[in-house]
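What follows is start35.txt (compact mmCIF, C-alpha atoms).
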```txt
# COMPACT_ATOMS: atom_id res chain seq x y z
CA MET A 1 -3.42 -33.28 21.91
CA ASN A 2 0.10 -32.17 21.14
CA GLN A 3 2.11 -33.71 23.94
CA THR A 4 5.65 -32.34 23.80
CA ARG A 5 8.36 -33.30 26.25
CA ASN A 6 9.69 -30.48 28.35
CA THR A 7 13.08 -30.51 26.65
CA LEU A 8 15.62 -27.69 26.55
CA PRO A 9 17.84 -26.73 23.63
CA LYS A 10 21.41 -28.00 23.78
CA GLN A 11 22.88 -24.81 25.21
CA TRP A 12 20.61 -25.25 28.23
CA TRP A 13 21.75 -28.73 29.17
CA ILE A 14 23.70 -26.93 31.81
CA LEU A 15 24.73 -27.16 35.39
CA VAL A 16 21.75 -25.23 36.70
CA LEU A 17 22.91 -23.72 39.94
CA THR A 18 21.06 -21.36 42.18
CA MET A 19 24.20 -20.20 43.87
CA GLY A 20 23.88 -20.06 47.63
CA LEU A 21 26.30 -19.46 50.46
CA THR A 22 29.62 -21.07 49.73
CA ALA A 23 32.92 -21.40 51.48
CA GLY A 24 35.72 -19.22 50.14
CA CYS A 25 38.77 -20.68 48.46
CA SER A 26 42.29 -19.30 48.26
CA SER A 27 43.11 -17.45 45.04
CA SER A 28 45.97 -15.42 43.70
CA GLY A 29 45.98 -11.87 42.44
CA SER A 30 43.40 -9.10 42.66
CA GLY A 31 41.82 -6.43 40.52
CA SER A 32 42.20 -7.83 37.02
CA ALA A 33 42.37 -11.31 35.52
CA SER A 34 45.68 -13.16 35.31
CA ALA A 35 46.14 -15.86 32.69
CA GLY A 36 48.32 -18.91 33.27
CA SER A 37 51.29 -19.34 30.95
CA GLY A 38 52.65 -22.83 31.61
CA GLY A 39 49.73 -24.81 33.02
CA ASP A 40 47.89 -27.70 31.46
CA LEU A 41 44.74 -25.57 31.13
CA THR A 42 44.95 -21.81 30.64
CA ILE A 43 42.51 -18.93 30.99
CA ALA A 44 42.33 -17.18 27.61
CA SER A 45 40.05 -14.27 28.57
CA ILE A 46 37.52 -13.02 31.10
CA SER A 47 34.80 -10.63 29.93
CA VAL A 48 34.59 -8.58 33.12
CA VAL A 49 37.48 -6.17 33.68
CA GLY A 50 38.89 -5.46 37.10
CA GLY A 51 37.56 -2.24 38.63
CA SER A 52 34.70 -1.96 36.14
CA THR A 53 31.02 -1.22 36.78
CA TRP A 54 29.02 -4.27 35.66
CA LYS A 55 25.29 -4.20 34.92
CA ILE A 56 23.24 -6.50 37.13
CA ASN A 57 21.88 -8.76 34.36
CA ARG A 58 25.08 -8.94 32.30
CA PRO A 59 26.65 -12.40 31.98
CA ILE A 60 30.32 -13.08 32.68
CA ASP A 61 32.23 -15.29 30.22
CA ILE A 62 35.47 -17.11 31.07
CA ALA A 63 37.20 -18.58 28.00
CA PHE A 64 39.94 -21.21 28.16
CA ASP A 65 42.47 -22.58 25.68
CA LYS A 66 40.88 -26.06 25.76
CA GLU A 67 37.43 -27.62 25.95
CA ILE A 68 36.07 -27.65 29.50
CA ASP A 69 34.76 -30.68 31.36
CA PHE A 70 31.56 -28.96 32.45
CA SER A 71 31.01 -31.42 35.30
CA THR A 72 33.94 -29.72 37.07
CA VAL A 73 32.18 -26.35 37.16
CA ASN A 74 30.92 -26.02 40.74
CA PHE A 75 30.87 -23.85 43.84
CA ASN A 76 34.49 -24.63 44.63
CA THR A 77 36.05 -24.13 41.21
CA LEU A 78 34.27 -20.91 40.21
CA GLN A 79 32.76 -18.35 42.56
CA VAL A 80 31.10 -14.95 42.27
CA VAL A 81 30.81 -13.50 45.77
CA ASP A 82 30.17 -10.12 47.34
CA GLN A 83 32.42 -8.41 49.88
CA THR A 84 30.98 -10.48 52.72
CA GLY A 85 31.45 -13.80 50.92
CA VAL A 86 27.79 -14.27 49.93
CA SER A 87 27.43 -15.73 46.44
CA ALA A 88 25.57 -14.07 43.65
CA SER A 89 22.64 -16.15 42.38
CA GLY A 90 22.50 -17.36 38.81
CA VAL A 91 23.35 -20.25 36.53
CA PHE A 92 26.50 -21.59 34.87
CA LEU A 93 26.15 -22.54 31.22
CA GLN A 94 28.10 -22.86 28.00
CA PRO A 95 26.96 -20.23 25.47
CA LEU A 96 26.54 -20.52 21.70
CA ASP A 97 28.59 -18.95 18.95
CA GLY A 98 27.13 -17.08 16.00
CA GLN A 99 26.36 -20.34 14.17
CA GLY A 100 24.46 -21.83 17.09
CA GLU A 101 27.24 -24.17 18.18
CA VAL A 102 28.15 -24.62 21.84
CA LEU A 103 31.35 -22.83 22.89
CA THR A 104 32.85 -25.80 24.67
CA ASN A 105 35.88 -23.82 25.85
CA THR A 106 33.78 -21.16 27.60
CA VAL A 107 31.92 -21.03 30.92
CA ARG A 108 29.28 -18.32 31.37
CA PHE A 109 27.79 -17.12 34.62
CA GLN A 110 24.33 -15.67 33.97
CA PRO A 111 23.15 -13.71 37.03
CA THR A 112 19.51 -14.09 37.98
CA CYS A 113 17.26 -11.34 36.63
CA PRO A 114 14.89 -9.75 39.14
CA THR A 115 11.19 -10.57 39.26
CA LYS A 116 10.38 -8.13 42.10
CA ASP A 117 9.70 -4.40 41.98
CA ASP A 118 12.67 -3.49 44.16
CA PHE A 119 15.14 -5.80 42.31
CA SER A 120 15.89 -7.51 45.64
CA ASP A 121 15.91 -10.98 44.05
CA ALA A 122 18.44 -10.06 41.36
CA GLY A 123 21.58 -12.18 41.14
CA PHE A 124 23.73 -9.06 41.44
CA ARG A 125 22.55 -6.48 43.96
CA VAL A 126 22.62 -2.78 43.19
CA ASP A 127 25.71 -0.78 44.27
CA THR A 128 27.64 -3.81 45.53
CA GLY A 129 31.22 -4.95 45.12
CA TYR A 130 31.79 -8.49 43.79
CA ARG A 131 34.75 -10.78 43.26
CA LEU A 132 35.02 -13.43 40.56
CA VAL A 133 37.31 -16.27 41.68
CA VAL A 134 38.50 -18.93 39.22
CA ALA A 135 40.41 -21.47 41.31
CA GLY A 136 43.67 -22.91 39.99
CA VAL A 137 45.86 -25.65 41.42
CA ASN A 138 48.57 -23.16 42.39
CA ASP A 139 46.02 -21.07 44.28
CA ASN A 140 44.34 -23.98 46.00
CA PRO A 141 46.95 -26.71 46.65
CA GLY A 142 45.28 -30.08 47.10
CA GLY A 143 41.90 -28.62 46.22
CA VAL A 144 39.63 -29.11 43.24
CA THR A 145 39.89 -27.05 40.08
CA LEU A 146 38.47 -26.86 36.58
CA LEU A 147 39.50 -29.61 34.18
CA SER A 148 39.59 -29.86 30.43
CA THR A 149 37.77 -32.71 28.69
CA SER A 150 41.14 -34.48 28.44
CA GLY A 151 41.70 -34.17 32.20
CA ASP A 152 44.15 -31.25 32.19
CA SER A 153 43.85 -29.05 35.28
CA LEU A 154 43.86 -25.28 35.53
CA THR A 155 47.22 -24.43 37.08
CA LEU A 156 46.94 -20.68 37.56
CA GLY A 157 43.56 -19.17 38.42
CA ALA A 158 42.36 -15.59 38.48
CA VAL A 159 40.56 -13.03 40.63
CA VAL A 160 38.59 -10.08 39.24
CA GLU A 161 36.87 -7.46 41.41
CA PHE A 162 34.05 -5.27 40.09
CA THR A 163 31.00 -3.30 41.27
CA THR A 164 27.38 -2.93 40.16
CA PRO A 165 25.76 0.44 39.31
CA ASN A 166 24.45 2.76 42.00
CA SER A 167 21.15 3.66 40.37
CA THR A 168 17.43 2.92 40.24
CA LEU A 169 17.15 3.64 36.51
CA PRO A 170 16.58 0.50 34.39
CA GLY A 171 18.70 1.88 31.55
CA THR A 172 21.64 2.25 33.93
CA LEU A 173 21.15 -0.99 35.87
CA PHE A 174 20.51 -3.40 33.01
CA MET A 175 22.18 -4.39 29.77
CA ASP A 176 19.82 -4.26 26.80
CA SER A 177 20.38 -7.72 25.30
CA VAL A 178 18.03 -7.22 22.32
CA PRO A 179 17.42 -3.87 20.57
CA GLY A 180 13.86 -2.60 20.50
CA PRO A 181 10.72 -3.51 22.48
CA PRO A 182 9.78 -7.05 23.58
CA SER A 183 8.08 -9.31 21.07
CA VAL A 184 6.36 -12.67 21.43
CA ARG A 185 8.09 -15.82 20.17
CA VAL A 186 5.75 -17.89 18.00
CA ARG A 187 6.76 -21.02 16.08
CA GLY A 188 7.51 -20.37 12.44
CA VAL A 189 7.27 -16.60 12.83
CA GLY A 190 10.10 -14.04 12.87
CA GLY A 191 12.87 -16.60 12.61
CA VAL A 192 11.64 -18.86 15.41
CA PRO A 193 12.12 -22.51 14.31
CA ALA A 194 8.90 -24.36 13.49
CA MET A 195 9.53 -26.97 16.22
CA SER A 196 11.21 -24.75 18.81
CA PRO A 197 10.27 -25.64 22.41
CA ASP A 198 11.00 -22.02 23.37
CA ALA A 199 7.83 -20.58 21.86
CA THR A 200 4.37 -19.59 23.07
CA TYR A 201 1.92 -22.37 23.89
CA LEU A 202 -1.22 -23.21 25.85
CA GLU A 203 -0.95 -25.51 28.85
CA VAL A 204 -4.27 -27.37 28.99
CA GLY A 205 -5.95 -29.26 31.82
CA GLY A 206 -3.39 -28.24 34.45
CA GLU A 207 -0.80 -30.60 32.95
CA ALA A 208 2.59 -29.03 32.26
CA ASN A 209 3.32 -31.33 29.31
CA ASN A 210 -0.11 -31.03 27.67
CA ARG A 211 0.93 -28.28 25.29
CA ILE A 212 -0.69 -26.77 22.22
CA TYR A 213 1.73 -24.45 20.42
CA PHE A 214 0.80 -21.31 18.54
CA GLY A 215 2.27 -21.13 15.05
CA ALA A 216 2.09 -19.30 11.76
CA ASN A 217 -1.27 -21.02 11.11
CA GLY A 218 -2.68 -20.21 14.52
CA LEU A 219 -3.41 -22.73 17.28
CA THR A 220 -3.35 -26.27 15.90
CA ASP A 221 -3.17 -29.78 17.33
CA GLU A 222 -0.49 -32.33 16.48
CA LEU A 223 -2.27 -33.19 13.21
CA GLY A 224 -2.33 -29.55 12.16
CA ASP A 225 -6.08 -29.19 12.68
CA PRO A 226 -7.48 -26.05 14.38
CA PHE A 227 -7.66 -26.44 18.14
CA GLU A 228 -10.64 -25.06 20.05
CA VAL A 229 -9.79 -23.87 23.54
CA PRO A 230 -11.86 -25.24 26.43
CA LEU A 231 -14.17 -23.04 28.47
CA ASN A 232 -12.06 -22.62 31.63
CA MET A 233 -14.79 -23.69 34.06
CA TYR A 234 -13.85 -23.33 37.69
CA SER A 235 -15.23 -26.73 38.69
CA ASP A 236 -13.67 -28.67 35.81
CA ARG A 237 -9.88 -28.90 35.83
CA ASP A 238 -9.78 -30.49 32.37
CA SER A 239 -11.39 -27.37 30.89
CA GLN A 240 -8.85 -24.98 32.41
CA PHE A 241 -5.82 -23.60 30.59
CA ALA A 242 -3.07 -20.99 30.73
CA ALA A 243 -0.73 -19.48 28.16
CA MET A 244 3.03 -19.60 28.52
CA LEU A 245 4.13 -16.48 26.69
CA TYR A 246 7.75 -16.65 25.50
CA LEU A 247 9.31 -13.24 24.82
CA ASN A 248 12.46 -12.51 22.85
CA GLN A 249 14.17 -10.65 25.72
CA PRO A 250 13.98 -9.97 29.45
CA VAL A 251 11.29 -7.58 30.65
CA LEU A 252 10.97 -5.08 33.46
CA ALA A 253 9.65 -6.98 36.46
CA ASN A 254 7.79 -4.26 38.33
CA SER A 255 4.05 -4.37 38.98
CA ALA A 256 3.40 -1.46 36.61
CA ASN A 257 4.58 -3.68 33.75
CA ILE A 258 3.52 -7.18 34.80
CA ASN A 259 -0.26 -6.90 35.18
CA SER A 260 -3.53 -7.57 33.36
CA ASN A 261 -3.80 -4.00 32.08
CA GLN A 262 -0.72 -4.68 30.00
CA ILE A 263 -1.36 -8.31 29.02
CA SER A 264 -4.72 -10.09 29.15
CA PHE A 265 -7.12 -12.54 27.53
CA GLU A 266 -10.02 -11.02 25.56
CA PHE A 267 -13.07 -12.34 23.71
CA GLU A 268 -15.04 -10.78 20.88
CA SER A 269 -18.36 -9.95 22.52
CA VAL A 270 -19.87 -8.53 19.32
CA PRO A 271 -18.16 -8.24 15.93
CA GLY A 272 -15.24 -5.84 16.26
CA VAL A 273 -15.70 -5.33 20.01
CA TRP A 274 -13.30 -7.09 22.38
CA THR A 275 -13.98 -7.52 26.09
CA GLN A 276 -11.27 -8.29 28.63
CA ILE A 277 -11.45 -11.54 30.57
CA PRO A 278 -10.11 -11.33 34.16
CA THR A 279 -6.51 -12.44 33.83
CA GLU A 280 -3.58 -13.28 36.09
CA VAL A 281 -0.10 -12.41 34.77
CA VAL A 282 3.02 -13.84 36.42
CA LEU A 283 6.63 -13.40 35.35
CA ALA A 284 7.68 -17.04 35.47
CA GLN A 285 11.28 -16.61 34.28
CA ASN A 286 13.48 -13.70 33.31
CA CYS A 287 16.89 -13.58 31.57
CA VAL A 288 16.75 -17.27 30.74
CA LEU A 289 16.28 -19.44 27.64
CA SER A 290 15.33 -17.07 24.84
CA GLY A 291 14.53 -14.08 27.04
CA SER A 292 11.62 -14.29 29.48
CA ILE A 293 8.43 -16.27 30.08
CA LEU A 294 5.07 -14.95 31.28
CA ARG A 295 2.35 -17.22 32.58
CA VAL A 296 -0.99 -15.70 31.53
CA THR A 297 -4.07 -17.35 33.04
CA PRO A 298 -7.73 -16.50 32.33
CA LEU A 299 -9.71 -16.33 35.57
CA GLY A 300 -13.18 -16.17 34.08
CA LEU A 301 -15.42 -18.39 31.97
CA ILE A 302 -14.70 -18.38 28.23
CA PRO A 303 -17.95 -17.92 26.23
CA GLN A 304 -18.72 -20.80 23.87
CA GLY A 305 -17.93 -20.37 20.18
CA SER A 306 -16.12 -17.06 20.69
CA ASN A 307 -13.06 -15.56 19.13
CA VAL A 308 -10.42 -15.27 21.86
CA ARG A 309 -7.02 -13.61 21.89
CA ILE A 310 -4.21 -12.42 24.13
CA ALA A 311 -3.47 -8.71 23.94
CA MET A 312 -0.18 -6.98 24.72
CA ARG A 313 -0.82 -3.29 25.20
CA GLN A 314 1.14 -0.29 24.05
CA GLY A 315 3.77 0.63 26.63
CA PHE A 316 4.72 -2.87 27.79
CA VAL A 317 8.49 -2.57 28.26
CA ASP A 318 11.65 -4.63 28.17
CA LEU A 319 14.23 -4.69 30.95
CA THR A 320 15.72 -1.32 30.00
CA GLY A 321 12.39 0.42 29.38
CA ASP A 322 11.96 0.10 25.59
CA PRO A 323 8.16 0.26 25.12
CA THR A 324 5.89 -1.62 22.75
CA PRO A 325 4.86 1.16 20.33
CA GLN A 326 1.30 -0.08 19.73
CA ASP A 327 -1.12 -2.77 20.84
CA ASN A 328 -0.19 -6.27 19.67
CA THR A 329 -3.24 -8.53 19.40
CA SER A 330 -2.35 -10.95 16.60
CA PHE A 331 0.22 -13.35 18.12
CA ALA A 332 -2.23 -15.59 20.02
CA VAL A 333 -5.65 -15.82 18.36
CA MET A 334 -7.95 -18.77 19.08
CA VAL A 335 -11.57 -19.94 19.10
CA SER A 336 -13.41 -21.45 22.06
CA GLU A 337 -15.22 -24.75 21.73
CA THR A 338 -18.90 -24.77 20.81
CA VAL A 339 -19.78 -28.10 22.41
CA LEU A 340 -18.67 -28.98 25.91
CA HIS A 341 -16.66 -32.20 25.95
CA GLY A 342 -14.44 -32.12 29.00
CA GLY A 343 -11.69 -29.86 27.79
CA PHE A 344 -9.92 -32.05 25.24
CA PRO A 345 -11.21 -32.57 21.70
```

Show the structure stored in the file as structure tokens.
Amino acid sequence: MNQTRNTLPKQWWILVLTMGLTAGCSSSGSGSASAGSGGDLTIASISVVGGSTWKINRPIDIAFDKEIDFSTVNFNTLQVVDQTGVSASGVFLQPLDGQGEVLTNTVRFQPTCPTKDDFSDAGFRVDTGYRLVVAGVNDNPGGVTLLSTSGDSLTLGAVVEFTTPNSTLPGTLFMDSVPGPPSVRVRGVGGVPAMSPDATYLEVGGEANNRIYFGANGLTDELGDPFEVPLNMYSDRDSQFAAMLYLNQPVLANSANINSNQISFEFESVPGVWTQIPTEVVLAQNCVLSGSILRVTPLGLIPQGSNVRIAMRQGFVDLTGDPTPQDNTSFAVMVSETVLHGGFP
């Protein structure tokens, strides 16, 4: 069994914050960002412009002139709140540059992407005014502020006010982070590193860390030998499994897109004929890591010695509505075990 620790790539060793209600702090200015000119730490740029309309999944980057002590990024030093003082939900992180290196002088706020049909759980709500507050010492005397890695404090902060779109159209509400339709991330395929943890795998026996990754050579164990999937018997937990499907971009979260008609397990009942297995599809994460993660669980018994696959049907769409042009049935192909032995070979 390939037992891989649930590790995250370096850009995701972040201060993971589900931002809740937070007390306001005093700040100077309004409308557009103001950069300090004589402080120890200075704001170099802010990606959101005052008075702009900002899409509800689009991240906000604040760049500084020095490396940031990320432990000082918290509810008091950086806020994104609506007009009533309620915080947007999301995570703070430090993004990567084009060479894959962490931008240590930049703090990114990634708003939560919705997983509900009505977008009610999105980090930024539709048609809502927001205020980004970066607290500086001059704005918050005696209070906490962002620090550089050398201990320099941010003297002059900034305030930026913006709104989200007034629309129900995905193309208007969301930023398309990756051109084209969604595709499945598989190790060693399409530029995905051979040992990437952010790639599609099977979770076997109900254990989150008991993972068998799909790769260019199919489903193999840690020795590289073909892995036969267990039979998913209801009474035997060890024989149960689910697929964690990593996609290259966020996907539309509504029930018309996230369902077993769009993505499902199948087995080859007779040569060339594939029969759907009852399947549960859950959008586990959206707008995080490398894009989004679907948990795909077979609900029925897997016939012994059968060819099995996961199918993504034509019309499955990304967050802005770009559809998969044709059925994709080759990214997760496997064979079920022929002799029952408790789920693990």

Problem set entry | Among listed residues A:Asn307, A:Ser235, A:Ser153, A:Asn105, nearest Ser269 in chain A (using only C-alpha atoms) | A:Asn307

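The nearest approach to Val160 in chain A among the residues A:Asp318, A:Asp82, A:Asp97, A:Asp236, with only C-alpha atoms taken into account, belongs to A:Asp82.
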
Expected residue set, 6 Å radius at (-1.6, -7.2, 21.9), all atoms listed in the file, as a PDB file with C-alpha atoms, in the coordinates of the input:
```
ATOM      1  CA  ALA A 311      -3.470  -8.710  23.940  1.00  0.00           C
ATOM      2  CA  MET A 312      -0.180  -6.980  24.720  1.00  0.00           C
ATOM      3  CA  ARG A 313      -0.820  -3.290  25.200  1.00  0.00           C
ATOM      4  CA  ASP A 327      -1.120  -2.770  20.840  1.00  0.00           C
ATOM      5  CA  ASN A 328      -0.190  -6.270  19.670  1.00  0.00           C
ATOM      6  CA  THR A 329      -3.240  -8.530  19.400  1.00  0.00           C
TER       7      THR A 329
END
```

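Across A:Ala332, A:Met233, A:Val281, A:Ala253, the tightest approach to Pro303 in chain A is made by A:Met233 when counting all atoms listed in the file.
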
For this session: Please identify all polymer residues lying at most 9 Å from the point (15.3, -12.8, 40.1) (file coordinates), using only C-alpha atoms, and present the result as a VMD selection string.
Result: chain A and resid 89 to 90 111 to 116 119 to 123 253 285 to 287

Using C-alpha atoms, can you write the selected residues to a file as an mmCIF file, keeping the file's coordinate frame?
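The result, stored in result.cif:
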```
data_model
loop_
_atom_site.group_PDB
_atom_site.id
_atom_site.type_symbol
_atom_site.label_atom_id
_atom_site.label_comp_id
_atom_site.auth_asym_id
_atom_site.auth_seq_id
_atom_site.Cartn_x
_atom_site.Cartn_y
_atom_site.Cartn_z
ATOM 1 C CA SER A 89 22.640 -16.150 42.380
ATOM 2 C CA GLY A 90 22.500 -17.360 38.810
ATOM 3 C CA PRO A 111 23.150 -13.710 37.030
ATOM 4 C CA THR A 112 19.510 -14.090 37.980
ATOM 5 C CA CYS A 113 17.260 -11.340 36.630
ATOM 6 C CA PRO A 114 14.890 -9.750 39.140
ATOM 7 C CA THR A 115 11.190 -10.570 39.260
ATOM 8 C CA LYS A 116 10.380 -8.130 42.100
ATOM 9 C CA PHE A 119 15.140 -5.800 42.310
ATOM 10 C CA SER A 120 15.890 -7.510 45.640
ATOM 11 C CA ASP A 121 15.910 -10.980 44.050
ATOM 12 C CA ALA A 122 18.440 -10.060 41.360
ATOM 13 C CA GLY A 123 21.580 -12.180 41.140
ATOM 14 C CA ALA A 253 9.650 -6.980 36.460
ATOM 15 C CA GLN A 285 11.280 -16.610 34.280
ATOM 16 C CA ASN A 286 13.480 -13.700 33.310
ATOM 17 C CA CYS A 287 16.890 -13.580 31.570
#
```

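Omitting range 169-180 of chain A and its sequence neighbours fewer than 4 positions away, and counting all atoms listed in the file, the residues within 9 Å are A:Trp54, A:Lys55, A:Ile56, A:Asn57, A:Arg58, A:Val126, A:Thr164, A:Pro165, A:Asn248, A:Gln249, A:Pro250, A:Leu252, A:Gly291, A:Asp318, A:Leu319, A:Thr320, A:Gly321, A:Asp322, A:Pro323, A:Thr324.
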
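Going from CA of Glu222 in chain A over to CA of Gly191 in chain A, you cover 21.0 Å.
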
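The gap separating CA of Val229 in chain A from CA of Asn261 in chain A is 22.4 Å, in Å to one decimal.
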
Problem set entry | Between CA of Phe265 in chain A and CA of Pro278 in chain A, distance in Å (one decimal) | 7.4 Å

For this session: Name all residues at most 12 Å from Ile43 in chain A (count all atoms listed in the file; drop same-chain ones fewer than 6 positions away) and give them as a ChimeraX atom specification.
Result: /A:33-37,61-68,105-107,134-136,146-148,153-159

Please rebuild range 126-134 of chain A with all heavy atoms and give the result as a compact mmCIF listing (two decimals), in the frame of the given file.
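Below is the file that was written, out20.txt:
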```txt
# COMPACT_ATOMS: atom_id res chain seq x y z
N VAL A 126 22.25 -4.14 43.60
CA VAL A 126 22.62 -2.78 43.19
C VAL A 126 23.72 -2.23 44.11
O VAL A 126 23.71 -2.48 45.32
CB VAL A 126 21.38 -1.87 43.21
CG1 VAL A 126 21.74 -0.43 42.92
CG2 VAL A 126 20.32 -2.39 42.24
N ASP A 127 24.66 -1.49 43.52
CA ASP A 127 25.71 -0.78 44.27
C ASP A 127 26.45 -1.71 45.24
O ASP A 127 26.55 -1.44 46.43
CB ASP A 127 25.10 0.40 45.02
CG ASP A 127 26.16 1.33 45.60
OD1 ASP A 127 27.28 1.37 45.07
OD2 ASP A 127 25.86 2.02 46.61
N THR A 128 26.97 -2.79 44.71
CA THR A 128 27.64 -3.81 45.53
C THR A 128 28.93 -4.23 44.84
O THR A 128 28.99 -4.36 43.62
CB THR A 128 26.72 -5.03 45.71
OG1 THR A 128 25.51 -4.63 46.34
CG2 THR A 128 27.39 -6.10 46.58
N GLY A 129 29.97 -4.44 45.65
CA GLY A 129 31.22 -4.95 45.12
C GLY A 129 31.22 -6.47 45.06
O GLY A 129 30.73 -7.14 45.99
N TYR A 130 31.74 -7.04 43.98
CA TYR A 130 31.79 -8.49 43.79
C TYR A 130 33.20 -8.91 43.40
O TYR A 130 34.00 -8.12 42.88
CB TYR A 130 30.81 -8.95 42.71
CG TYR A 130 29.38 -8.95 43.18
CD1 TYR A 130 28.56 -7.84 42.98
CD2 TYR A 130 28.85 -10.05 43.85
CE1 TYR A 130 27.25 -7.84 43.43
CE2 TYR A 130 27.54 -10.05 44.30
CZ TYR A 130 26.75 -8.95 44.09
OH TYR A 130 25.46 -8.95 44.55
N ARG A 131 33.47 -10.18 43.63
CA ARG A 131 34.75 -10.78 43.26
C ARG A 131 34.48 -12.09 42.53
O ARG A 131 33.78 -12.97 43.03
CB ARG A 131 35.59 -11.04 44.51
CG ARG A 131 36.89 -11.79 44.24
CD ARG A 131 37.67 -12.01 45.52
NE ARG A 131 38.13 -10.75 46.07
CZ ARG A 131 38.67 -10.61 47.29
NH1 ARG A 131 38.80 -11.68 48.07
NH2 ARG A 131 39.06 -9.44 47.71
N LEU A 132 35.03 -12.18 41.33
CA LEU A 132 35.02 -13.43 40.56
C LEU A 132 36.30 -14.19 40.89
O LEU A 132 37.39 -13.64 40.76
CB LEU A 132 34.94 -13.14 39.07
CG LEU A 132 35.22 -14.33 38.13
CD1 LEU A 132 34.10 -15.35 38.20
CD2 LEU A 132 35.41 -13.84 36.69
N VAL A 133 36.16 -15.44 41.33
CA VAL A 133 37.31 -16.27 41.68
C VAL A 133 37.28 -17.52 40.81
O VAL A 133 36.32 -18.30 40.86
CB VAL A 133 37.29 -16.67 43.17
CG1 VAL A 133 38.50 -17.54 43.50
CG2 VAL A 133 37.25 -15.43 44.06
N VAL A 134 38.32 -17.71 40.00
CA VAL A 134 38.50 -18.93 39.22
C VAL A 134 39.67 -19.67 39.86
O VAL A 134 40.81 -19.21 39.79
CB VAL A 134 38.78 -18.64 37.74
CG1 VAL A 134 38.80 -19.94 36.94
CG2 VAL A 134 37.76 -17.66 37.16
```
